[in-house]
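*Asks:* Contents of model.cif (mmCIF, C-alpha atoms and all ligand atoms) are given next:
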```cif
data_work
#
loop_
_atom_site.label_atom_id
_atom_site.label_comp_id
_atom_site.auth_asym_id
_atom_site.auth_seq_id
_atom_site.Cartn_x
_atom_site.Cartn_y
_atom_site.Cartn_z
CA MET Y 1 259.57 158.26 174.61
CA PRO Y 2 260.12 158.23 178.36
CA GLU Y 3 260.03 161.73 179.76
CA THR Y 4 263.06 163.44 181.24
CA ILE Y 5 262.91 163.61 185.00
CA ASN Y 6 263.89 166.76 186.84
CA ARG Y 7 265.83 164.90 189.49
CA GLU Y 8 268.63 164.78 186.88
CA GLU Y 9 269.45 168.37 187.72
CA GLU Y 10 270.06 167.49 191.35
CA LYS Y 11 272.88 165.10 190.54
CA PRO Y 12 276.53 165.99 190.16
CA PRO Y 13 277.35 166.34 186.46
CA HIS Y 14 279.31 163.10 186.15
CA GLN Y 15 276.30 161.08 187.21
CA ARG Y 16 273.81 162.88 185.05
CA LEU Y 17 272.14 160.86 182.34
CA LYS Y 18 270.19 162.23 179.46
CA ARG Y 19 267.16 160.58 180.99
CA TYR Y 20 265.98 157.50 182.79
CA TRP Y 21 265.49 154.45 180.64
CA LYS Y 22 263.12 151.57 180.28
CA VAL Y 23 265.47 148.62 180.78
CA ALA Y 24 264.36 145.11 179.81
CA VAL Y 25 266.23 142.31 181.57
CA LEU Y 26 266.45 139.36 179.18
CA ALA Y 27 267.11 135.93 180.66
CA ASN Y 28 266.17 132.27 180.56
CA ILE Y 29 264.58 131.10 183.77
CA LYS Y 30 264.93 127.77 185.56
CA ASP Y 31 261.63 126.05 185.96
CA ASP Y 32 262.14 123.48 188.71
CA ASP Y 33 258.41 122.78 188.99
CA HIS Y 34 258.01 121.29 185.52
CA PRO Y 35 259.62 118.07 184.31
CA LYS Y 36 262.32 118.52 181.67
CA PRO Y 37 261.33 117.74 178.09
CA GLU Y 38 262.37 114.31 176.80
CA GLY Y 39 265.74 113.77 175.17
CA VAL Y 40 267.66 116.51 177.00
CA PRO Y 41 270.75 115.81 179.17
CA PRO Y 42 270.19 115.28 182.93
CA ASP Y 43 271.75 118.68 183.72
CA ALA Y 44 270.06 120.60 180.89
CA PHE Y 45 269.22 124.24 181.70
CA ALA Y 46 271.65 124.27 184.67
CA ASP Y 47 272.96 127.60 183.41
CA PHE Y 48 269.52 129.24 183.42
CA ASP Y 49 268.76 131.81 186.12
CA HIS Y 50 266.41 131.69 189.07
CA ILE Y 51 263.71 134.37 189.04
CA GLU Y 52 265.11 135.69 192.34
CA THR Y 53 268.31 136.69 190.50
CA ILE Y 54 266.25 138.65 187.98
CA ASP Y 55 264.40 140.43 190.80
CA LEU Y 56 267.71 141.43 192.43
CA LEU Y 57 269.13 142.58 189.10
CA ARG Y 58 266.05 144.69 188.42
CA ALA Y 59 266.13 146.19 191.90
CA ALA Y 60 269.80 147.10 191.35
CA LEU Y 61 269.03 148.83 188.03
CA GLU Y 62 266.13 150.69 189.59
CA THR Y 63 268.36 152.21 192.29
CA ASP Y 64 269.58 154.70 189.69
CA GLY Y 65 266.10 155.71 188.59
CA HIS Y 66 265.46 153.38 185.66
CA SER Y 67 262.28 151.42 185.19
CA THR Y 68 262.67 147.73 184.43
CA THR Y 69 260.78 144.79 183.02
CA PHE Y 70 261.72 141.16 182.67
CA ILE Y 71 261.31 139.36 179.37
CA GLN Y 72 261.87 135.63 179.09
CA ALA Y 73 264.32 134.90 176.26
CA ASP Y 74 262.19 132.30 174.52
CA ARG Y 75 260.52 132.10 171.12
CA ASP Y 76 258.07 134.86 172.04
CA LEU Y 77 260.91 137.30 172.68
CA PRO Y 78 260.67 139.13 169.32
CA PHE Y 79 256.97 139.85 169.93
CA ALA Y 80 257.50 140.90 173.53
CA LEU Y 81 260.25 143.30 172.47
CA ARG Y 82 257.96 144.91 169.97
CA GLU Y 83 255.35 145.41 172.65
CA VAL Y 84 257.63 146.60 175.47
CA GLN Y 85 259.90 148.79 173.30
CA PRO Y 86 262.75 148.98 175.80
CA ASP Y 87 265.40 151.70 175.51
CA ILE Y 88 268.04 149.09 176.26
CA CYS Y 89 268.20 145.41 177.19
CA PHE Y 90 270.30 144.04 180.02
CA ASN Y 91 271.22 140.71 178.49
CA ILE Y 92 272.03 137.63 180.54
CA ALA Y 93 270.18 135.15 178.31
CA GLU Y 94 271.75 131.75 177.70
CA GLY Y 95 269.59 130.98 174.65
CA LEU Y 96 267.82 127.85 173.48
CA GLY Y 97 269.48 125.09 171.46
CA GLY Y 98 271.67 125.19 168.39
CA ASP Y 99 275.43 125.63 168.16
CA ALA Y 100 275.77 129.15 169.59
CA ARG Y 101 272.80 129.73 171.86
CA GLU Y 102 274.44 132.54 173.83
CA ALA Y 103 274.61 134.56 170.61
CA GLN Y 104 270.92 134.20 169.76
CA VAL Y 105 269.59 137.13 171.77
CA PRO Y 106 272.39 139.52 170.72
CA ALA Y 107 271.75 138.54 167.06
CA LEU Y 108 268.04 139.26 167.41
CA LEU Y 109 268.68 142.61 169.11
CA GLU Y 110 271.18 143.60 166.42
CA MET Y 111 268.58 142.82 163.78
CA LEU Y 112 265.93 144.87 165.58
CA GLY Y 113 268.39 147.69 166.32
CA ILE Y 114 267.81 147.56 170.08
CA PRO Y 115 270.76 148.53 172.35
CA TYR Y 116 271.96 145.87 174.81
CA THR Y 117 274.69 145.26 177.35
CA GLY Y 118 277.84 143.20 177.10
CA SER Y 119 279.37 141.19 174.32
CA ARG Y 120 277.97 141.11 170.83
CA VAL Y 121 277.20 138.17 168.57
CA LEU Y 122 280.68 136.92 167.63
CA ALA Y 123 282.15 136.92 171.12
CA ASN Y 124 279.11 135.22 172.63
CA GLY Y 125 278.99 132.65 169.82
CA ILE Y 126 282.68 131.77 169.80
CA SER Y 127 283.16 131.73 173.56
CA LEU Y 128 280.41 129.13 173.97
CA ASP Y 129 282.49 126.88 171.72
CA LYS Y 130 285.51 126.02 173.87
CA THR Y 131 287.40 124.37 170.99
CA LEU Y 132 287.14 127.35 168.64
CA THR Y 133 288.04 129.65 171.51
CA LYS Y 134 291.17 127.67 172.32
CA ARG Y 135 292.25 127.60 168.68
CA ILE Y 136 292.13 131.42 168.62
CA TRP Y 137 293.99 131.77 171.92
CA ARG Y 138 296.63 129.19 170.95
CA ASP Y 139 297.18 130.97 167.64
CA ARG Y 140 297.91 134.21 169.51
CA GLY Y 141 300.22 132.64 172.07
CA LEU Y 142 297.97 132.31 175.13
CA PRO Y 143 298.91 129.19 177.11
CA VAL Y 144 296.21 126.50 176.83
CA ALA Y 145 296.34 122.78 177.65
CA PRO Y 146 296.92 120.47 174.64
CA PHE Y 147 293.51 119.54 173.24
CA GLN Y 148 291.65 117.66 170.54
CA GLU Y 149 288.02 117.72 169.51
CA PHE Y 150 286.17 114.43 169.07
CA THR Y 151 283.06 114.37 166.90
CA THR Y 152 282.62 110.57 166.62
CA GLY Y 153 284.64 109.25 169.56
CA GLU Y 154 286.64 107.09 167.16
CA GLU Y 155 289.29 109.61 166.14
CA PRO Y 156 292.87 108.45 166.70
CA LEU Y 157 294.25 110.18 169.80
CA ARG Y 158 296.99 112.65 168.99
CA PRO Y 159 300.36 111.72 170.56
CA GLU Y 160 300.75 114.98 172.52
CA LEU Y 161 297.68 114.08 174.59
CA LYS Y 162 298.89 112.00 177.52
CA PHE Y 163 296.67 110.38 180.14
CA PRO Y 164 295.03 111.34 182.41
CA LEU Y 165 292.84 113.40 180.10
CA PHE Y 166 289.76 115.52 180.75
CA VAL Y 167 286.63 115.21 178.57
CA LYS Y 168 283.85 117.81 178.50
CA PRO Y 169 281.12 119.04 176.15
CA ALA Y 170 282.56 121.59 173.73
CA ARG Y 171 279.60 123.97 174.00
CA GLU Y 172 278.08 124.05 177.45
CA GLY Y 173 278.66 125.98 180.67
CA THR Y 174 278.09 125.89 184.44
CA GLY Y 175 279.87 122.54 184.65
CA MET Y 176 277.28 120.78 182.50
CA GLY Y 177 278.59 117.37 181.48
CA VAL Y 178 281.43 117.73 183.99
CA ASP Y 179 281.67 115.23 186.87
CA MET Y 180 284.30 112.82 188.22
CA ASN Y 181 283.99 110.65 185.08
CA ALA Y 182 285.35 113.59 183.07
CA ILE Y 183 288.82 112.46 184.16
CA VAL Y 184 289.80 109.48 182.01
CA LYS Y 185 292.87 107.35 182.67
CA ASN Y 186 293.07 105.11 179.61
CA GLU Y 187 291.92 104.66 176.04
CA ASN Y 188 288.79 102.69 177.01
CA GLU Y 189 287.56 105.29 179.47
CA LEU Y 190 288.31 108.03 176.94
CA ARG Y 191 286.26 106.42 174.16
CA GLU Y 192 283.39 105.64 176.49
CA ARG Y 193 283.22 109.17 177.91
CA ALA Y 194 283.63 110.87 174.52
CA VAL Y 195 280.77 108.84 173.03
CA TYR Y 196 278.62 109.56 176.11
CA ILE Y 197 279.20 113.33 175.77
CA ILE Y 198 278.62 113.33 172.00
CA ASN Y 199 275.37 111.38 172.29
CA THR Y 200 273.97 112.98 175.43
CA TYR Y 201 274.80 116.58 174.62
CA GLN Y 202 274.50 116.25 170.82
CA GLN Y 203 277.76 118.07 170.25
CA PRO Y 204 281.50 117.41 170.01
CA ALA Y 205 283.54 116.36 173.06
CA LEU Y 206 286.58 118.45 173.92
CA VAL Y 207 289.48 116.31 175.16
CA GLU Y 208 292.27 118.07 177.04
CA THR Y 209 295.29 117.22 179.13
CA PHE Y 210 294.16 117.01 182.77
CA LEU Y 211 295.42 120.06 184.66
CA PRO Y 212 296.20 118.88 188.19
CA GLY Y 213 297.01 122.26 189.77
CA ARG Y 214 295.16 125.03 191.59
CA GLU Y 215 292.16 126.67 189.93
CA PHE Y 216 291.44 130.39 189.59
CA THR Y 217 288.94 132.62 187.92
CA VAL Y 218 289.55 136.26 186.99
CA GLY Y 219 286.91 138.86 186.22
CA ILE Y 220 287.43 141.77 183.84
CA LEU Y 221 285.29 144.88 183.60
CA GLY Y 222 285.73 147.85 181.29
CA ARG Y 223 286.95 149.05 177.94
CA ALA Y 224 289.55 151.54 176.71
CA ASP Y 225 287.10 154.44 177.26
CA ALA Y 226 285.40 153.07 180.39
CA LYS Y 227 286.41 156.02 182.58
CA LEU Y 228 284.34 158.34 180.42
CA TYR Y 229 281.09 156.51 181.07
CA SER Y 230 281.47 154.83 184.44
CA ARG Y 231 279.99 156.18 187.69
CA HIS Y 232 283.21 154.95 189.26
CA PRO Y 233 286.08 156.01 186.99
CA ASP Y 234 288.55 155.25 189.78
CA TRP Y 235 287.84 151.53 189.39
CA TYR Y 236 289.54 151.48 186.01
CA GLU Y 237 293.25 151.38 185.34
CA LYS Y 238 294.95 153.54 182.71
CA ASP Y 239 294.10 151.06 179.96
CA GLY Y 240 290.40 151.35 180.86
CA PHE Y 241 290.11 147.89 182.43
CA HIS Y 242 289.32 146.79 185.95
CA ARG Y 243 290.82 143.48 187.03
CA PHE Y 244 288.81 141.96 189.87
CA PRO Y 245 290.77 140.24 192.64
CA VAL Y 246 291.63 136.66 191.71
CA LEU Y 247 289.22 134.07 193.11
CA GLU Y 248 290.61 130.63 193.93
CA LEU Y 249 288.26 127.67 193.78
CA ASP Y 250 289.44 124.90 195.99
CA SER Y 251 287.57 121.80 194.91
CA THR Y 252 289.80 119.35 196.73
CA ARG Y 253 287.25 118.72 199.47
CA SER Y 254 284.13 119.32 197.38
CA VAL Y 255 281.59 116.65 196.35
CA THR Y 256 283.74 116.18 193.24
CA PRO Y 257 287.35 116.43 194.46
CA TRP Y 258 289.57 118.48 192.09
CA VAL Y 259 286.71 119.18 189.70
CA TYR Y 260 284.52 122.29 189.77
CA SER Y 261 281.59 120.25 188.49
CA GLN Y 262 277.95 121.06 187.87
CA GLU Y 263 277.12 119.48 191.24
CA ALA Y 264 279.79 121.50 193.06
CA LYS Y 265 278.67 124.71 191.36
CA SER Y 266 275.04 124.17 192.34
CA LYS Y 267 275.88 124.26 196.07
CA ASP Y 268 275.62 127.45 198.08
CA VAL Y 269 278.86 129.06 199.17
CA GLY Y 270 279.89 127.48 202.49
CA ALA Y 271 277.47 124.54 202.16
CA ASP Y 272 278.50 120.90 202.67
CA GLY Y 273 280.32 119.61 199.60
CA ALA Y 274 280.80 123.07 198.09
CA PRO Y 275 284.29 124.10 196.98
CA GLY Y 276 286.27 126.59 199.04
CA TYR Y 277 286.10 130.14 197.64
CA PHE Y 278 289.12 132.30 198.44
CA CYS Y 279 289.21 135.88 197.26
CA PRO Y 280 291.68 137.47 196.94
CA ALA Y 281 293.53 134.20 196.38
CA ASP Y 282 296.61 133.60 198.50
CA ILE Y 283 299.16 133.69 195.66
CA GLU Y 284 302.50 135.29 194.80
CA PRO Y 285 302.22 138.72 193.17
CA GLU Y 286 303.97 137.33 190.09
CA LEU Y 287 301.32 134.64 189.58
CA GLU Y 288 298.56 137.16 190.26
CA LYS Y 289 299.93 139.45 187.55
CA LYS Y 290 300.15 136.59 185.09
CA LEU Y 291 296.59 135.45 185.77
CA LYS Y 292 295.23 138.97 185.31
CA ASN Y 293 297.21 139.48 182.10
CA PHE Y 294 296.00 136.20 180.65
CA ALA Y 295 292.39 136.99 181.56
CA LEU Y 296 292.59 140.38 179.87
CA ARG Y 297 294.21 138.97 176.74
CA ALA Y 298 291.68 136.14 176.63
CA HIS Y 299 288.94 138.81 176.83
CA GLN Y 300 290.43 141.03 174.14
CA LEU Y 301 291.33 138.26 171.67
CA LEU Y 302 287.67 137.23 171.47
CA TYR Y 303 286.34 140.80 171.09
CA THR Y 304 284.58 140.41 174.42
CA LEU Y 305 282.90 143.63 175.57
CA ASP Y 306 282.68 145.22 178.99
CA VAL Y 307 282.55 142.18 181.26
CA SER Y 308 283.87 138.62 181.41
CA ARG Y 309 285.28 135.94 183.69
CA THR Y 310 288.10 133.65 182.61
CA ASP Y 311 288.86 130.26 184.17
CA ILE Y 312 292.51 129.30 184.53
CA ARG Y 313 294.18 126.25 186.05
CA LEU Y 314 297.80 125.35 186.77
CA ASP Y 315 299.43 122.45 184.94
CA GLU Y 316 301.72 119.91 186.58
CA GLU Y 317 304.64 122.33 186.39
CA GLY Y 318 302.61 125.07 188.05
CA ASN Y 319 302.15 127.11 184.84
CA PRO Y 320 298.75 128.73 184.25
CA ARG Y 321 296.69 127.38 181.34
CA VAL Y 322 293.62 129.27 180.22
CA MET Y 323 290.56 126.97 180.14
CA GLU Y 324 287.61 129.06 179.04
CA ILE Y 325 286.00 132.50 179.12
CA ASN Y 326 282.48 133.39 180.26
CA THR Y 327 281.19 136.33 178.29
CA LEU Y 328 277.88 136.20 180.18
CA PRO Y 329 279.14 135.62 183.73
CA GLY Y 330 276.52 134.79 186.35
CA LEU Y 331 275.23 137.77 188.35
CA THR Y 332 273.62 136.22 191.43
CA PRO Y 333 274.72 138.15 194.54
CA ASP Y 334 276.71 136.16 197.16
CA TYR Y 335 276.79 133.18 194.80
CA SER Y 336 278.17 133.89 191.32
CA ASP Y 337 281.97 133.99 191.08
CA LEU Y 338 282.02 137.52 189.65
CA CYS Y 339 279.82 138.83 192.46
CA LEU Y 340 282.08 137.20 195.05
CA GLN Y 341 285.08 138.91 193.44
CA ALA Y 342 283.36 142.29 193.42
CA ALA Y 343 282.25 141.89 197.04
CA ALA Y 344 285.80 140.95 198.07
CA GLU Y 345 286.96 144.44 197.16
CA GLY Y 346 283.92 146.19 198.51
CA ILE Y 347 282.14 146.83 195.21
CA ARG Y 348 278.40 146.89 195.78
CA TYR Y 349 276.19 144.70 193.60
CA GLU Y 350 274.17 147.73 192.47
CA ASP Y 351 277.29 149.55 191.35
CA LEU Y 352 278.59 146.53 189.45
CA VAL Y 353 275.31 146.04 187.61
CA LEU Y 354 274.91 149.75 186.82
CA ASP Y 355 278.42 150.01 185.41
CA ILE Y 356 277.69 147.07 183.09
CA LEU Y 357 274.54 148.96 182.01
CA TYR Y 358 276.32 152.27 181.39
CA LEU Y 359 279.29 150.70 179.62
CA GLY Y 360 276.81 148.99 177.31
CA ALA Y 361 274.63 152.07 176.82
CA SER Y 362 277.61 154.24 175.95
CA ARG Y 363 278.38 152.06 172.93
CA TRP Y 364 274.93 152.83 171.56
CA GLY Y 365 275.28 156.59 171.92
CA MET Y 366 272.92 156.72 174.92
CA LEU Y 367 275.33 158.57 177.23
CA GLU Y 368 277.41 161.68 176.97
CA PRO Y 369 281.06 161.09 177.87
CA ARG Y 370 281.57 162.51 181.36
CA GLU Y 371 283.61 165.62 181.76
CA TYR Y 372 286.34 163.87 183.64
CA VAL Y 373 289.53 162.50 182.14
CA ASN Y 374 292.04 160.63 184.31
CA ASP Y 375 289.88 161.45 187.36
CA THR Y 376 290.48 165.21 187.11
CA PRO Y 377 287.91 167.62 185.72
CA LYS Y 378 288.55 168.69 182.13
CA LYS Y 379 289.55 172.37 181.80
CA LYS Y 380 286.78 174.42 180.29
N1 LIG A 401 291.68 120.32 181.29
C1 LIG A 401 291.18 120.30 182.53
N2 LIG A 401 291.89 119.77 183.55
C2 LIG A 401 291.39 119.74 184.81
N3 LIG A 401 290.18 120.19 185.14
C3 LIG A 401 289.42 120.73 184.17
C4 LIG A 401 289.87 120.82 182.81
N4 LIG A 401 288.90 121.41 182.09
C5 LIG A 401 287.90 121.67 182.95
N5 LIG A 401 288.19 121.26 184.20
C6 LIG A 401 287.34 121.35 185.40
O1 LIG A 401 285.98 121.40 185.00
C7 LIG A 401 285.39 122.64 185.38
C8 LIG A 401 284.42 123.11 184.30
O2 LIG A 401 285.14 123.29 183.08
P1 LIG A 401 285.09 124.64 182.25
O3 LIG A 401 285.96 124.45 181.06
O4 LIG A 401 285.38 125.80 183.12
O5 LIG A 401 283.58 124.63 181.74
P2 LIG A 401 282.23 125.30 182.28
O6 LIG A 401 282.56 126.12 183.51
O7 LIG A 401 281.80 126.16 181.13
O8 LIG A 401 281.31 124.19 182.52
C9 LIG A 401 286.57 123.57 185.59
O9 LIG A 401 286.20 124.62 186.45
C10 LIG A 401 287.61 122.62 186.17
O10 LIG A 401 287.42 122.38 187.55
MG MG A 402 284.12 127.38 183.81
#
```
Could the structure of this file be written out as structure tokens, please?
*Replies:*
Amino acid sequence: MPETINREEEKPPHQRLKRYWKVAVLANIKDDDHPKPEGVPPDAFADFDHIETIDLLRAALETDGHSTTFIQADRDLPFALREVQPDICFNIAEGLGGDAREAQVPALLEMLGIPYTGSRVLANGISLDKTLTKRIWRDRGLPVAPFQEFTTGEEPLRPELKFPLFVKPAREGTGMGVDMNAIVKNENELRERAVYIINTYQQPALVETFLPGREFTVGILGRADAKLYSRHPDWYEKDGFHRFPVLELDSTRSVTPWVYSQEAKSKDVGADGAPGYFCPADIEPELEKKLKNFALRAHQLLYTLDVSRTDIRLDEEGNPRVMEINTLPGLTPDYSDLCLQAAAEGIRYEDLVLDILYLGASRWGMLEPREYVNDTPKKK
């Protein structure tokens, strides 16, 4: 057991932890030096993290006194966990293969009884599958574009799907399988692209109406009882949630005009061919409210926990349609959408990361609820 450190006593009560923890950051790392294994798509592993991101994440966690280690989320993970014996894992692992890779690490940690941050197995599994996700949202009245899943490429196209259509892998992220050929204008192009996605990515192709309007992404942080565990209770609204300022992604002049593709996403902010990032987005308050409401409902309907980022695009009438939710949003400072949103309102990277840690830890009984309710000290 890690020992309690006396410095605790020097802190104001609302920042006091029971003790400092051994935090293991779990992630899959990009290995640009080694050739990709055979038979994987050209953009395989695009959603993996660079080691520099892990170093920054660890440094952020250490600013509040914790010790950290990094464990690669590969097949040796169960053995490494047994050796390291972390108090809690900070999970950003994308997982390896199968139909719900983002749920693999949470499932393992649940089985081993090790606390971890963020969403649990179901939310991470379902959100990776964009078709299942959209069926749930549609069932509960969230606006989504008309869609159909293709598993062979030969399915008859349903009449409500009118060209142009958009074709993407049902279970990837970071724009994998998304480039200019994702927009298909006729039956031939549709069949060709669907078969390409099914064969290359070894999974169904999700076919949707093409949404020609502006694109936004909205981050959510918190939970009904977030104020009790956060170091920054003032961030959270009465319902316990923080809505980050809306980020607009303007892809019109990017390498892939109108499409926030894998290639566009891989460019640094401000670089040639990168999309424009505008945060807070220049939009009417009414649209802003709608986008934030949809993002929160999208989050809650999937049982997402503590943090997420939801992508929304306007249809030809200018109405928002929810595209997908990221239950493990990227956390690279000055690069990942969520970090840009936090920075736009002056939230420091360290504070963002630590709140994700404490929100997670509180669900595992690792923190006492702070003695503040609604920002005023509780009467003794
Ligand atoms: N139905 C659609 N109409 C227009 N553009 C789309 C549509 N679906 C996805 N896109 C574009 O492709 C990008 C990636 O799709 P998305 O569903 O967010 O998957 P991911 O980010 O997980 O790769 C979006 O950010 C958007 O620019
Ligand atoms: Mg997306």
*Asks:* Could you check which of Y:Glu317, Y:Pro285, Y:Asp64, Y:Asp179 is closest to Arg19 of chain Y, using all atoms listed in the file?
*Replies:*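 Ranked by minimum distance to Arg19 of chain Y, first place goes to Y:Asp64.
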*Asks:* Residues up to 7 Å from ligand MG 402 (chain A), counting all atoms listed in the file: could you list those as a ChimeraX atom specification?
*Replies:* /Y:173-175,311,324
*Asks:* Give me, as a tab-separated table (two decimals) with C-alpha atoms, in the frame of the given file, the set of residues whose atoms come within 8 Å of any atom of ligand LIG 401 (chain A), counting only C-alpha atoms and all ligand atoms.
*Replies:*
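File produced: part_29.tsv:
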```tsv
chain	number	residue	atom	x	y	z
Y	128	LEU	CA	280.41	129.13	173.97
Y	130	LYS	CA	285.51	126.02	173.87
Y	145	ALA	CA	296.34	122.78	177.65
Y	165	LEU	CA	292.84	113.40	180.10
Y	166	PHE	CA	289.76	115.52	180.75
Y	167	VAL	CA	286.63	115.21	178.57
Y	168	LYS	CA	283.85	117.81	178.50
Y	171	ARG	CA	279.60	123.97	174.00
Y	172	GLU	CA	278.08	124.05	177.45
Y	173	GLY	CA	278.66	125.98	180.67
Y	174	THR	CA	278.09	125.89	184.44
Y	175	GLY	CA	279.87	122.54	184.65
Y	176	MET	CA	277.28	120.78	182.50
Y	177	GLY	CA	278.59	117.37	181.48
Y	178	VAL	CA	281.43	117.73	183.99
Y	179	ASP	CA	281.67	115.23	186.87
Y	183	ILE	CA	288.82	112.46	184.16
Y	207	VAL	CA	289.48	116.31	175.16
Y	208	GLU	CA	292.27	118.07	177.04
Y	209	THR	CA	295.29	117.22	179.13
Y	210	PHE	CA	294.16	117.01	182.77
Y	211	LEU	CA	295.42	120.06	184.66
Y	212	PRO	CA	296.20	118.88	188.19
Y	213	GLY	CA	297.01	122.26	189.77
Y	215	GLU	CA	292.16	126.67	189.93
Y	251	SER	CA	287.57	121.80	194.91
Y	258	TRP	CA	289.57	118.48	192.09
Y	259	VAL	CA	286.71	119.18	189.70
Y	260	TYR	CA	284.52	122.29	189.77
Y	261	SER	CA	281.59	120.25	188.49
Y	262	GLN	CA	277.95	121.06	187.87
Y	311	ASP	CA	288.86	130.26	184.17
Y	313	ARG	CA	294.18	126.25	186.05
Y	323	MET	CA	290.56	126.97	180.14
Y	324	GLU	CA	287.61	129.06	179.04
Y	325	ILE	CA	286.00	132.50	179.12
Y	326	ASN	CA	282.48	133.39	180.26
```
*Asks:* Env of Val184 of chain Y: 6 Å cut, atoms = all atoms listed in the file, seq-sep filter 2 positions within chain, self excluded. Answer as number ranges by chain.
*Replies:* Y: 164-165, 186, 189-190
*Asks:* Could you tell me which of Y:Leu221, Y:Ala100, Y:Ala271, Y:Val307 comes closest to Glu237 of chain Y if we count only C-alpha atoms?
*Replies:*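 The closest residue to Glu237 of chain Y is Y:Leu221.
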*Asks:* May I ask for the distance between atom CA of Leu357 of chain Y and atom CA of Thr117 of chain Y, given in Å to one decimal place?
*Replies:*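 These atoms are spaced 6.0 Å apart.
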*Asks:* Which neighbours of Thr69 of chain Y fall inside 8 Å, counting only C-alpha atoms, when residues of the same chain fewer than 4 positions from it are skipped, and could you give them as an NGL selection string?
*Replies:* :Y and (22-25 or 58)
*Asks:* Mind checking which residues fall within 10 Å of Ala295 of chain Y, counting only C-alpha atoms, ignoring those fewer than 3 positions away in the same chain, and posting them as a PyMOL selection string?
*Replies:* chain Y and resi 142+217-220+243+289-292+298-300+308-312+322+324-325
*Asks:* Go ahead and save the picked residues with C-alpha atoms, as a PDB file, in the frame of the given file.
*Replies:*
```pdb
ATOM      1  CA  LEU Y 142     297.970 132.310 175.130  1.00  0.00           C
ATOM      2  CA  THR Y 217     288.940 132.620 187.920  1.00  0.00           C
ATOM      3  CA  VAL Y 218     289.550 136.260 186.990  1.00  0.00           C
ATOM      4  CA  GLY Y 219     286.910 138.860 186.220  1.00  0.00           C
ATOM      5  CA  ILE Y 220     287.430 141.770 183.840  1.00  0.00           C
ATOM      6  CA  ARG Y 243     290.820 143.480 187.030  1.00  0.00           C
ATOM      7  CA  LYS Y 289     299.930 139.450 187.550  1.00  0.00           C
ATOM      8  CA  LYS Y 290     300.150 136.590 185.090  1.00  0.00           C
ATOM      9  CA  LEU Y 291     296.590 135.450 185.770  1.00  0.00           C
ATOM     10  CA  LYS Y 292     295.230 138.970 185.310  1.00  0.00           C
ATOM     11  CA  ALA Y 298     291.680 136.140 176.630  1.00  0.00           C
ATOM     12  CA  HIS Y 299     288.940 138.810 176.830  1.00  0.00           C
ATOM     13  CA  GLN Y 300     290.430 141.030 174.140  1.00  0.00           C
ATOM     14  CA  SER Y 308     283.870 138.620 181.410  1.00  0.00           C
ATOM     15  CA  ARG Y 309     285.280 135.940 183.690  1.00  0.00           C
ATOM     16  CA  THR Y 310     288.100 133.650 182.610  1.00  0.00           C
ATOM     17  CA  ASP Y 311     288.860 130.260 184.170  1.00  0.00           C
ATOM     18  CA  ILE Y 312     292.510 129.300 184.530  1.00  0.00           C
ATOM     19  CA  VAL Y 322     293.620 129.270 180.220  1.00  0.00           C
ATOM     20  CA  GLU Y 324     287.610 129.060 179.040  1.00  0.00           C
ATOM     21  CA  ILE Y 325     286.000 132.500 179.120  1.00  0.00           C
TER      22      ILE Y 325
END
```
*Asks:* Check the smallest atom-to-atom distance from each of Y:Pro115, Y:Ile198, Y:Gln72, Y:Thr256 to Asn181 of chain Y using only C-alpha atoms, then report the winner.
*Replies:* Y:Thr256
*Asks:* Of the candidates Y:Leu328, Y:Glu38, Y:Arg140, Y:Val255, which shows the shortest atom-to-atom distance to Ala93 of chain Y, using only C-alpha atoms?
*Replies:*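 Using only C-alpha atoms, the shortest distance to Ala93 of chain Y belongs to Y:Leu328.
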*Asks:* Restricting the calculation to all atoms listed in the file: of Y:Glu286, Y:Gly65, Y:Ala27, Y:Asp49, which residue gets closest to Cys89 of chain Y?
*Replies:*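 Using all atoms listed in the file, Cys89 of chain Y sits closest to Y:Ala27.
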*Asks:* From the set Y:Leu340, Y:Pro143, Y:Met180, Y:Asp351, which residue has the shortest atom-to-atom contact distance to Pro320 of chain Y, counting all atoms listed in the file?
*Replies:*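 Using all atoms listed in the file, the shortest distance to Pro320 of chain Y belongs to Y:Pro143.
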*Asks:* Work out how far atom CA of Arg158 of chain Y is from atom CA of Tyr196 of chain Y, in Å to one decimal.
*Replies:* 19.9 Å
*Asks:* Using all atoms listed in the file, which residues sit within 10 Å of Ser362 of chain Y once same-chain residues fewer than 3 positions away are excluded, as a list in words?
*Replies:*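 The residues that qualify are Pro115, Thr117, Asp225, Ala226, Leu228, Tyr229, Ser230, Leu357, Tyr358, Leu359, Gly365, Met366, Leu367, Glu368 and Pro369 of chain Y.
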*Asks:* Could you turn the residues from that selection into a file that holds C-alpha atoms, as a JSON list (two decimals), keeping the file's coordinate frame?
*Replies:*
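File produced: part_17.json:
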```json
[["chain", "number", "residue", "atom", "x", "y", "z"],
["Y", 115, "PRO", "CA", 270.76, 148.53, 172.35],
["Y", 117, "THR", "CA", 274.69, 145.26, 177.35],
["Y", 225, "ASP", "CA", 287.10, 154.44, 177.26],
["Y", 226, "ALA", "CA", 285.40, 153.07, 180.39],
["Y", 228, "LEU", "CA", 284.34, 158.34, 180.42],
["Y", 229, "TYR", "CA", 281.09, 156.51, 181.07],
["Y", 230, "SER", "CA", 281.47, 154.83, 184.44],
["Y", 357, "LEU", "CA", 274.54, 148.96, 182.01],
["Y", 358, "TYR", "CA", 276.32, 152.27, 181.39],
["Y", 359, "LEU", "CA", 279.29, 150.70, 179.62],
["Y", 365, "GLY", "CA", 275.28, 156.59, 171.92],
["Y", 366, "MET", "CA", 272.92, 156.72, 174.92],
["Y", 367, "LEU", "CA", 275.33, 158.57, 177.23],
["Y", 368, "GLU", "CA", 277.41, 161.68, 176.97],
["Y", 369, "PRO", "CA", 281.06, 161.09, 177.87]]
```
